[in-house]
Amino acid sequence: MSTAKKVLDVMPYAYLPYKSGGQKSIAQFLDYLGQEVALSVITVEGNAEELVTNYSLHSILGNGASRYYNICLIKKITNFVKQHHIECIIWEHPYYAWLAFAIKKRTGVKTIFHSHNIEYLRFKSLRKWWWPILKKYETWAFKKADGVFFISPEEKHYCINTMSLPASKCFDVPFGVPINAYPNDKKLCREKLVATHSIAVDEKILLFNGALDYKPNTDAIEFIIHHINPLLLQTKLKYKIVICGKGLPPSFDHLKAFSGKNIIYTGFVDDIECYFKGADLFLNPVQSGGGIKTKMVEAIAYGTTVVATASGAAGIVKEVCGDKLHVSTDSDWPTFVQHILSAIEISSTTPQAYYNYYYWGAIAKNVNAIL
């Protein structure tokens with residue numbers, strides 16, 4: 001009987017309990033990977049350790065910005081690797097590349113980066129002046145690594161082509177979902193939303209959610225209230241747009257000015273899965289930020305059709321989505337609304353091929369095979 005491979009994951013920020021799509025992705029990835037390998041996680045202080053199930057957690061990175069350039073971590077993590085006989089280290093994001101290669105030099109352990117976005121492109125889209133510096137650093141990290149996990153085939157092929165990476169060390173490891181089949185409680189969830197928010201039975205529920213203090217999502221709210229909703233109000237569609245999430249800037253005043261215009265703002269909700277299942281459509285008008293939009297992956301998994309911009313749909317494997325994804329050109333709001341009107345009339349289930357690709361259990365088994 002073979003023993004499980006001993007793997008270390010280095011996570012540079014708090015993620016438990018998760019409060020964003022990115023943190024959720026990390027938490028679920030580690031939980032499912034811990035079922036396949038003997039997993040240890042080195043991270044910062046402040047995580048809710050009682051939420052850890054399938055791996056051991058070690059809070060040795062420290063807190064504050066200094067943790068990203070603390071040279072004392074070289075000795076600490078090197079000793080950990082040797083004492084625990086670690087065979088492979090997965091580094092979440094490329095920021096610790098300097099540390100990763102210092103440890104590799106001392107231990108020879110296999111070094112893999114888990115990319116959740118092409119970071120320099122994300123910061124370029126956010127107009128940060130220092131993105132060219134990050135581009136050089138990120139390229140150096142990926143070229144020197146033993147392997148790189150990419151969140152989408154698009155990002156993988158982009159880096160292979162622009163960074164001259166060998167395809168043999170680049171792998172698809174998508175953001176996943178914790179369900180492996182179409183849900184059977186969508187009707188019950190819709191009834192709950194109707195009752196909770198006083199929505200008429202014959203009104204369609206259009207959902208948007210996210211961390212609303214993140215600029216790409218804040219911009220998406222602007223697109224909804226100033227472009228999409230005014231066009232919808234001119235149609236015969238009976239609907240409510242439900243917006244969920246924490247961190248909405250005070251300037252929006254809880255969207256009170258739009259409460260009489262078919263918009264409902266809920267703030268943060270504990271049961272976002274119920275909202276995904278109960279909605280008729282998920283709207284994703286995001287146009288910046290880079291990477292795959294995790295909320296869209298979840299929406300389709302929970303059986304809800306998505307209407308998205310091209311940027312919003314970037315990274316998702318469209319071939320497995322069936323009729324559950326409708327995409328328009330960025331900023332083409334009339335077409336976006338036409339997609340809403342046409343998609344709302346289509347009754348379809350999420351293809352099983354979608355779960356075969358995006359279910360965390362399948363993803364973790366694939367990662368184990370790669371390792």
# chains A, B, ... in the order shown; residues from 1 in each chain; ligands from 1

call {"tool": "residues_around", "arguments": {"residues": "Trp333 of chain A", "least_positions_apart": "6", "cutoff": "10 Å", "atoms": "only C-alpha atoms", "output": "list in words"}}
result
Phe223, Ile224, His227, Ile228, Asn229, Leu231, Pro285, Thr309 and His339 of chain A

call {"tool": "write_last_selection", "arguments": {"atoms": "N, CA, C and O atoms", "output": "mmCIF file, in the first residue's frame"}}
result
data_model
loop_
_atom_site.group_PDB
_atom_site.id
_atom_site.type_symbol
_atom_site.label_atom_id
_atom_site.label_comp_id
_atom_site.auth_asym_id
_atom_site.auth_seq_id
_atom_site.Cartn_x
_atom_site.Cartn_y
_atom_site.Cartn_z
ATOM 1 N N PHE A 223 -22.604 49.801 -13.815
ATOM 2 C CA PHE A 223 -23.140 49.361 -15.105
ATOM 3 C C PHE A 223 -24.588 48.890 -14.962
ATOM 4 O O PHE A 223 -25.430 49.162 -15.829
ATOM 5 N N ILE A 224 -24.857 48.192 -13.870
ATOM 6 C CA ILE A 224 -26.214 47.674 -13.661
ATOM 7 C C ILE A 224 -27.211 48.808 -13.468
ATOM 8 O O ILE A 224 -28.266 48.837 -14.108
ATOM 9 N N HIS A 227 -26.880 51.563 -16.754
ATOM 10 C CA HIS A 227 -26.979 51.119 -18.156
ATOM 11 C C HIS A 227 -27.949 49.960 -18.339
ATOM 12 O O HIS A 227 -28.845 50.034 -19.181
ATOM 13 N N ILE A 228 -27.759 48.893 -17.577
ATOM 14 C CA ILE A 228 -28.566 47.688 -17.785
ATOM 15 C C ILE A 228 -29.998 47.874 -17.301
ATOM 16 O O ILE A 228 -30.959 47.628 -18.052
ATOM 17 N N ASN A 229 -30.154 48.335 -16.070
ATOM 18 C CA ASN A 229 -31.512 48.478 -15.530
ATOM 19 C C ASN A 229 -32.354 49.493 -16.287
ATOM 20 O O ASN A 229 -33.542 49.229 -16.551
ATOM 21 N N LEU A 231 -32.374 50.118 -19.394
ATOM 22 C CA LEU A 231 -32.831 49.447 -20.610
ATOM 23 C C LEU A 231 -33.882 48.394 -20.295
ATOM 24 O O LEU A 231 -34.860 48.233 -21.036
ATOM 25 N N PRO A 285 -21.582 41.748 -15.440
ATOM 26 C CA PRO A 285 -21.126 42.808 -16.343
ATOM 27 C C PRO A 285 -19.724 43.322 -16.037
ATOM 28 O O PRO A 285 -19.356 44.414 -16.463
ATOM 29 N N THR A 309 -20.435 39.847 -19.834
ATOM 30 C CA THR A 309 -19.605 40.519 -20.818
ATOM 31 C C THR A 309 -18.475 39.573 -21.221
ATOM 32 O O THR A 309 -18.227 38.559 -20.554
ATOM 33 N N HIS A 339 -29.651 39.602 -24.466
ATOM 34 C CA HIS A 339 -29.295 38.270 -23.972
ATOM 35 C C HIS A 339 -30.099 37.919 -22.723
ATOM 36 O O HIS A 339 -30.490 36.756 -22.534
#

call {"tool": "residues_around", "arguments": {"residues": "segment 156-158 of chain A", "least_positions_apart": "2", "cutoff": "10 Å", "atoms": "only C-alpha atoms", "output": "PyMOL selection string"}}
result
chain A and resi 115+118+148-154+160-165+167+170-173+315

call {"tool": "atom_distance", "arguments": {"atom1": "atom CA of Glu45 of chain A", "atom2": "atom CA of Ile77 of chain A"}}
result
15.5 Å

call {"tool": "atom_distance", "arguments": {"atom1": "atom CA of Tyr137 of chain A", "atom2": "atom CA of Val286 of chain A"}}
result
27.1 Å

call {"tool": "residues_around", "arguments": {"residues": "segment 209-213 of chain A", "least_positions_apart": "3", "cutoff": "8 Å", "atoms": "only C-alpha atoms", "output": "ChimeraX atom specification"}}
result
/A:20-21,217-218,243-249,295

call {"tool": "write_last_selection", "arguments": {"atoms": "N, CA and C atoms", "output": "tab-separated table (two decimals), in the first residue's frame"}}
result
chain	number	residue	atom	x	y	z
A	20	SER	N	-14.27	36.11	0.46
A	20	SER	CA	-14.23	36.50	-0.95
A	20	SER	C	-14.13	35.25	-1.80
A	21	GLY	N	-14.37	35.41	-3.09
A	21	GLY	CA	-14.26	34.27	-3.99
A	21	GLY	C	-12.86	33.69	-4.03
A	217	ASN	N	-16.00	45.07	-9.19
A	217	ASN	CA	-17.39	44.81	-8.79
A	217	ASN	C	-18.16	46.11	-8.55
A	218	THR	N	-17.48	47.11	-7.99
A	218	THR	CA	-18.12	48.42	-7.82
A	218	THR	C	-18.50	48.99	-9.18
A	243	ILE	N	-28.98	42.36	-5.54
A	243	ILE	CA	-27.53	42.58	-5.43
A	243	ILE	C	-27.10	42.21	-4.02
A	244	CYS	N	-26.17	41.24	-3.92
A	244	CYS	CA	-25.69	40.76	-2.62
A	244	CYS	C	-24.20	41.04	-2.49
A	245	GLY	N	-23.78	41.30	-1.27
A	245	GLY	CA	-22.35	41.46	-1.02
A	245	GLY	C	-22.07	42.53	0.01
A	246	LYS	N	-20.90	42.42	0.62
A	246	LYS	CA	-20.50	43.39	1.62
A	246	LYS	C	-19.54	44.41	1.01
A	247	GLY	N	-19.43	45.55	1.68
A	247	GLY	CA	-18.43	46.54	1.28
A	247	GLY	C	-18.90	47.56	0.26
A	248	LEU	N	-20.20	47.66	0.03
A	248	LEU	CA	-20.69	48.67	-0.92
A	248	LEU	C	-20.29	50.05	-0.42
A	249	PRO	N	-19.58	50.85	-1.22
A	249	PRO	CA	-19.13	52.17	-0.77
A	249	PRO	C	-20.29	53.05	-0.29
A	295	LYS	N	-17.67	33.76	-9.05
A	295	LYS	CA	-19.12	33.76	-8.81
A	295	LYS	C	-19.88	33.21	-10.02

call {"tool": "closest_residue", "arguments": {"among": "A:Cys159, A:Val337, A:Ala181, A:Ile225", "to": "Tyr358 of chain A", "atoms": "only C-alpha atoms"}}
result
A:Ala181

call {"tool": "select_by_dssp", "arguments": {"residues": "segment 127-354 of chain A", "states": "strand (DSSP E)", "output": "PyMOL selection string"}}
result
chain A and resi 147-150+170-172+204-209+239-244+263-267+281-284+305-309+325-328

call {"tool": "write_last_selection", "arguments": {"atoms": "C-alpha atoms", "output": "PDB file, in the first residue's frame"}}
result
ATOM      1  CA  GLY A 147       5.380  23.588 -12.590  1.00  0.00           C
ATOM      2  CA  VAL A 148       2.602  26.174 -12.718  1.00  0.00           C
ATOM      3  CA  PHE A 149      -1.100  25.610 -12.017  1.00  0.00           C
ATOM      4  CA  PHE A 150      -3.312  27.919 -14.078  1.00  0.00           C
ATOM      5  CA  CYS A 170       1.824  24.128 -17.258  1.00  0.00           C
ATOM      6  CA  PHE A 171      -1.394  22.569 -15.927  1.00  0.00           C
ATOM      7  CA  ASP A 172      -5.111  23.390 -15.764  1.00  0.00           C
ATOM      8  CA  LYS A 204     -37.836  36.990 -12.659  1.00  0.00           C
ATOM      9  CA  ILE A 205     -34.915  37.175 -10.229  1.00  0.00           C
ATOM     10  CA  LEU A 206     -31.689  38.570 -11.702  1.00  0.00           C
ATOM     11  CA  LEU A 207     -28.723  38.204  -9.337  1.00  0.00           C
ATOM     12  CA  PHE A 208     -25.377  39.903  -8.899  1.00  0.00           C
ATOM     13  CA  ASN A 209     -23.014  39.311  -5.991  1.00  0.00           C
ATOM     14  CA  TYR A 239     -38.155  41.296 -12.750  1.00  0.00           C
ATOM     15  CA  LYS A 240     -36.143  42.243  -9.708  1.00  0.00           C
ATOM     16  CA  ILE A 241     -32.374  42.665  -9.675  1.00  0.00           C
ATOM     17  CA  VAL A 242     -31.005  41.333  -6.376  1.00  0.00           C
ATOM     18  CA  ILE A 243     -27.534  42.583  -5.426  1.00  0.00           C
ATOM     19  CA  CYS A 244     -25.690  40.755  -2.625  1.00  0.00           C
ATOM     20  CA  ILE A 263     -33.380  46.817  -7.534  1.00  0.00           C
ATOM     21  CA  ILE A 264     -33.017  45.079  -4.166  1.00  0.00           C
ATOM     22  CA  TYR A 265     -29.795  45.427  -2.166  1.00  0.00           C
ATOM     23  CA  THR A 266     -29.373  42.752   0.507  1.00  0.00           C
ATOM     24  CA  GLY A 267     -25.881  43.380   1.831  1.00  0.00           C
ATOM     25  CA  LEU A 281     -30.276  34.586 -14.181  1.00  0.00           C
ATOM     26  CA  PHE A 282     -26.909  35.685 -12.885  1.00  0.00           C
ATOM     27  CA  LEU A 283     -25.606  38.976 -14.308  1.00  0.00           C
ATOM     28  CA  ASN A 284     -21.851  39.416 -14.736  1.00  0.00           C
ATOM     29  CA  THR A 305     -27.879  30.735 -16.454  1.00  0.00           C
ATOM     30  CA  VAL A 306     -25.287  33.513 -16.719  1.00  0.00           C
ATOM     31  CA  VAL A 307     -25.367  36.609 -18.910  1.00  0.00           C
ATOM     32  CA  ALA A 308     -21.874  38.094 -19.052  1.00  0.00           C
ATOM     33  CA  THR A 309     -19.605  40.519 -20.818  1.00  0.00           C
ATOM     34  CA  LEU A 325     -23.706  31.019 -20.626  1.00  0.00           C
ATOM     35  CA  HIS A 326     -24.566  33.994 -22.877  1.00  0.00           C
ATOM     36  CA  VAL A 327     -21.800  36.467 -23.713  1.00  0.00           C
ATOM     37  CA  SER A 328     -21.863  39.968 -25.205  1.00  0.00           C
TER      38      SER A 328
END

call {"tool": "residues_around", "arguments": {"residues": "Thr78 of chain A", "least_positions_apart": "6", "cutoff": "8 Å", "atoms": "only C-alpha atoms", "output": "MDAnalysis selection string"}}
result
chainID A and resid 103 106:107

call {"tool": "atom_distance", "arguments": {"atom1": "atom CA of Pro174 of chain A", "atom2": "atom CA of Leu57 of chain A"}}
result
23.2 Å

call {"tool": "closest_residue", "arguments": {"among": "A:Asn366, A:Ser348, A:Ser66, A:Gln28", "to": "Val52 of chain A", "atoms": "only C-alpha atoms"}}
result
A:Gln28

call {"tool": "residues_around", "arguments": {"residues": "Asp31 of chain A", "least_positions_apart": "2", "cutoff": "10 Å", "atoms": "only C-alpha atoms", "output": "list of chain:residue names"}}
result
A:Ser25, A:Ile26, A:Ala27, A:Gln28, A:Phe29, A:Leu33, A:Gly34, A:Gln35, A:Glu36, A:Leu39, A:Leu51, A:Val52, A:Thr53, A:Asn54, A:Tyr55, A:Trp360, A:Gly361, A:Ala364

call {"tool": "write_last_selection", "arguments": {"atoms": "N, CA, C and O atoms", "output": "mmCIF file, in the first residue's frame"}}
result
data_model
loop_
_atom_site.group_PDB
_atom_site.id
_atom_site.type_symbol
_atom_site.label_atom_id
_atom_site.label_comp_id
_atom_site.auth_asym_id
_atom_site.auth_seq_id
_atom_site.Cartn_x
_atom_site.Cartn_y
_atom_site.Cartn_z
ATOM 1 N N SER A 25 -11.857 29.920 -2.929
ATOM 2 C CA SER A 25 -11.154 29.020 -3.838
ATOM 3 C C SER A 25 -9.994 28.328 -3.130
ATOM 4 O O SER A 25 -9.815 27.110 -3.239
ATOM 5 N N ILE A 26 -9.210 29.098 -2.373
ATOM 6 C CA ILE A 26 -8.081 28.536 -1.636
ATOM 7 C C ILE A 26 -8.563 27.515 -0.611
ATOM 8 O O ILE A 26 -8.053 26.397 -0.514
ATOM 9 N N ALA A 27 -9.571 27.912 0.175
ATOM 10 C CA ALA A 27 -10.049 27.047 1.254
ATOM 11 C C ALA A 27 -10.558 25.714 0.722
ATOM 12 O O ALA A 27 -10.241 24.646 1.271
ATOM 13 N N GLN A 28 -11.331 25.752 -0.341
ATOM 14 C CA GLN A 28 -11.893 24.520 -0.878
ATOM 15 C C GLN A 28 -10.830 23.693 -1.597
ATOM 16 O O GLN A 28 -10.831 22.462 -1.513
ATOM 17 N N PHE A 29 -9.916 24.346 -2.297
ATOM 18 C CA PHE A 29 -8.814 23.635 -2.947
ATOM 19 C C PHE A 29 -8.012 22.846 -1.914
ATOM 20 O O PHE A 29 -7.725 21.652 -2.093
ATOM 21 N N LEU A 33 -7.751 18.854 -1.647
ATOM 22 C CA LEU A 33 -6.419 18.297 -1.881
ATOM 23 C C LEU A 33 -5.955 17.498 -0.671
ATOM 24 O O LEU A 33 -5.285 16.468 -0.816
ATOM 25 N N GLY A 34 -6.352 17.955 0.528
ATOM 26 C CA GLY A 34 -5.984 17.250 1.745
ATOM 27 C C GLY A 34 -6.586 15.862 1.848
ATOM 28 O O GLY A 34 -6.135 15.048 2.663
ATOM 29 N N GLN A 35 -7.591 15.575 1.038
ATOM 30 C CA GLN A 35 -8.161 14.238 0.990
ATOM 31 C C GLN A 35 -7.339 13.298 0.101
ATOM 32 O O GLN A 35 -7.528 12.083 0.124
ATOM 33 N N GLU A 36 -6.453 13.882 -0.699
ATOM 34 C CA GLU A 36 -5.672 13.089 -1.655
ATOM 35 C C GLU A 36 -4.208 12.932 -1.255
ATOM 36 O O GLU A 36 -3.564 11.950 -1.622
ATOM 37 N N LEU A 39 -1.140 16.702 3.505
ATOM 38 C CA LEU A 39 -0.990 18.137 3.242
ATOM 39 C C LEU A 39 -0.727 18.927 4.525
ATOM 40 O O LEU A 39 -1.435 18.778 5.525
ATOM 41 N N LEU A 51 -11.861 25.486 11.463
ATOM 42 C CA LEU A 51 -12.459 25.189 10.165
ATOM 43 C C LEU A 51 -11.586 24.272 9.314
ATOM 44 O O LEU A 51 -12.000 23.826 8.245
ATOM 45 N N VAL A 52 -10.380 23.999 9.774
ATOM 46 C CA VAL A 52 -9.464 23.112 9.044
ATOM 47 C C VAL A 52 -9.859 21.664 9.284
ATOM 48 O O VAL A 52 -10.086 21.254 10.425
ATOM 49 N N THR A 53 -9.953 20.889 8.207
ATOM 50 C CA THR A 53 -10.393 19.498 8.347
ATOM 51 C C THR A 53 -9.374 18.477 7.861
ATOM 52 O O THR A 53 -9.017 17.548 8.588
ATOM 53 N N ASN A 54 -8.866 18.637 6.666
ATOM 54 C CA ASN A 54 -8.100 17.562 6.030
ATOM 55 C C ASN A 54 -6.606 17.839 5.901
ATOM 56 O O ASN A 54 -5.929 17.220 5.086
ATOM 57 N N TYR A 55 -6.089 18.782 6.687
ATOM 58 C CA TYR A 55 -4.662 19.080 6.622
ATOM 59 C C TYR A 55 -4.239 19.745 7.935
ATOM 60 O O TYR A 55 -5.078 20.099 8.770
ATOM 61 N N TRP A 360 -14.570 20.041 -7.358
ATOM 62 C CA TRP A 360 -13.310 20.044 -6.620
ATOM 63 C C TRP A 360 -12.729 18.641 -6.440
ATOM 64 O O TRP A 360 -11.496 18.460 -6.461
ATOM 65 N N GLY A 361 -13.577 17.658 -6.226
ATOM 66 C CA GLY A 361 -13.076 16.303 -6.038
ATOM 67 C C GLY A 361 -12.289 15.818 -7.231
ATOM 68 O O GLY A 361 -11.210 15.209 -7.087
ATOM 69 N N ALA A 364 -8.926 17.842 -7.449
ATOM 70 C CA ALA A 364 -7.918 17.401 -6.481
ATOM 71 C C ALA A 364 -7.252 16.100 -6.920
ATOM 72 O O ALA A 364 -6.040 15.919 -6.757
#

call {"tool": "closest_residue", "arguments": {"among": "A:Phe175, A:Thr235, A:Phe336, A:Ile112", "to": "Val317 of chain A", "atoms": "only C-alpha atoms"}}
result
A:Phe175

call {"tool": "closest_residue", "arguments": {"among": "A:Ile346, A:Ile300, A:Met11, A:Ala195", "to": "Leu30 of chain A", "atoms": "only C-alpha atoms"}}
result
A:Met11

call {"tool": "decode", "arguments": {"residues": "segment 125-137 of chain A", "atoms": "N, CA, C and O atoms", "output": "PDB file, in the first residue's frame"}}
result
ATOM      1  N   SER A 125      -4.851  46.185 -15.463  1.00  0.00           N
ATOM      2  CA  SER A 125      -6.243  46.576 -15.689  1.00  0.00           C
ATOM      3  C   SER A 125      -6.738  47.531 -14.611  1.00  0.00           C
ATOM      4  O   SER A 125      -7.650  48.330 -14.844  1.00  0.00           O
ATOM      5  N   LEU A 126      -6.117  47.461 -13.418  1.00  0.00           N
ATOM      6  CA  LEU A 126      -6.466  48.378 -12.328  1.00  0.00           C
ATOM      7  C   LEU A 126      -5.617  49.653 -12.366  1.00  0.00           C
ATOM      8  O   LEU A 126      -5.685  50.485 -11.467  1.00  0.00           O
ATOM      9  N   ARG A 127      -4.787  49.778 -13.403  1.00  0.00           N
ATOM     10  CA  ARG A 127      -3.995  50.979 -13.684  1.00  0.00           C
ATOM     11  C   ARG A 127      -2.962  51.282 -12.604  1.00  0.00           C
ATOM     12  O   ARG A 127      -2.735  52.429 -12.246  1.00  0.00           O
ATOM     13  N   LYS A 128      -2.334  50.217 -12.101  1.00  0.00           N
ATOM     14  CA  LYS A 128      -1.240  50.392 -11.158  1.00  0.00           C
ATOM     15  C   LYS A 128       0.049  50.610 -11.946  1.00  0.00           C
ATOM     16  O   LYS A 128       0.385  49.833 -12.844  1.00  0.00           O
ATOM     17  N   TRP A 129       0.788  51.652 -11.584  1.00  0.00           N
ATOM     18  CA  TRP A 129       1.955  52.047 -12.378  1.00  0.00           C
ATOM     19  C   TRP A 129       3.063  51.002 -12.369  1.00  0.00           C
ATOM     20  O   TRP A 129       3.873  50.935 -13.296  1.00  0.00           O
ATOM     21  N   TRP A 130       3.080  50.160 -11.323  1.00  0.00           N
ATOM     22  CA  TRP A 130       4.197  49.241 -11.154  1.00  0.00           C
ATOM     23  C   TRP A 130       3.973  47.879 -11.797  1.00  0.00           C
ATOM     24  O   TRP A 130       4.737  46.942 -11.576  1.00  0.00           O
ATOM     25  N   TRP A 131       2.926  47.751 -12.622  1.00  0.00           N
ATOM     26  CA  TRP A 131       2.651  46.437 -13.212  1.00  0.00           C
ATOM     27  C   TRP A 131       3.805  45.903 -14.074  1.00  0.00           C
ATOM     28  O   TRP A 131       4.015  44.676 -14.103  1.00  0.00           O
ATOM     29  N   PRO A 132       4.593  46.749 -14.791  1.00  0.00           N
ATOM     30  CA  PRO A 132       5.703  46.173 -15.577  1.00  0.00           C
ATOM     31  C   PRO A 132       6.757  45.479 -14.700  1.00  0.00           C
ATOM     32  O   PRO A 132       7.372  44.496 -15.120  1.00  0.00           O
ATOM     33  N   ILE A 133       6.966  46.006 -13.475  1.00  0.00           N
ATOM     34  CA  ILE A 133       7.916  45.369 -12.556  1.00  0.00           C
ATOM     35  C   ILE A 133       7.393  43.998 -12.152  1.00  0.00           C
ATOM     36  O   ILE A 133       8.135  43.000 -12.134  1.00  0.00           O
ATOM     37  N   LEU A 134       6.100  43.941 -11.835  1.00  0.00           N
ATOM     38  CA  LEU A 134       5.493  42.662 -11.464  1.00  0.00           C
ATOM     39  C   LEU A 134       5.529  41.682 -12.633  1.00  0.00           C
ATOM     40  O   LEU A 134       5.716  40.475 -12.429  1.00  0.00           O
ATOM     41  N   LYS A 135       5.382  42.175 -13.848  1.00  0.00           N
ATOM     42  CA  LYS A 135       5.434  41.307 -15.030  1.00  0.00           C
ATOM     43  C   LYS A 135       6.785  40.580 -15.100  1.00  0.00           C
ATOM     44  O   LYS A 135       6.832  39.364 -15.341  1.00  0.00           O
ATOM     45  N   LYS A 136       7.864  41.304 -14.886  1.00  0.00           N
ATOM     46  CA  LYS A 136       9.185  40.695 -14.941  1.00  0.00           C
ATOM     47  C   LYS A 136       9.359  39.665 -13.826  1.00  0.00           C
ATOM     48  O   LYS A 136       9.912  38.578 -14.034  1.00  0.00           O
ATOM     49  N   TYR A 137       8.887  40.002 -12.635  1.00  0.00           N
ATOM     50  CA  TYR A 137       9.010  39.111 -11.481  1.00  0.00           C
ATOM     51  C   TYR A 137       8.178  37.846 -11.678  1.00  0.00           C
ATOM     52  O   TYR A 137       8.648  36.724 -11.437  1.00  0.00           O
TER      53      TYR A 137
END
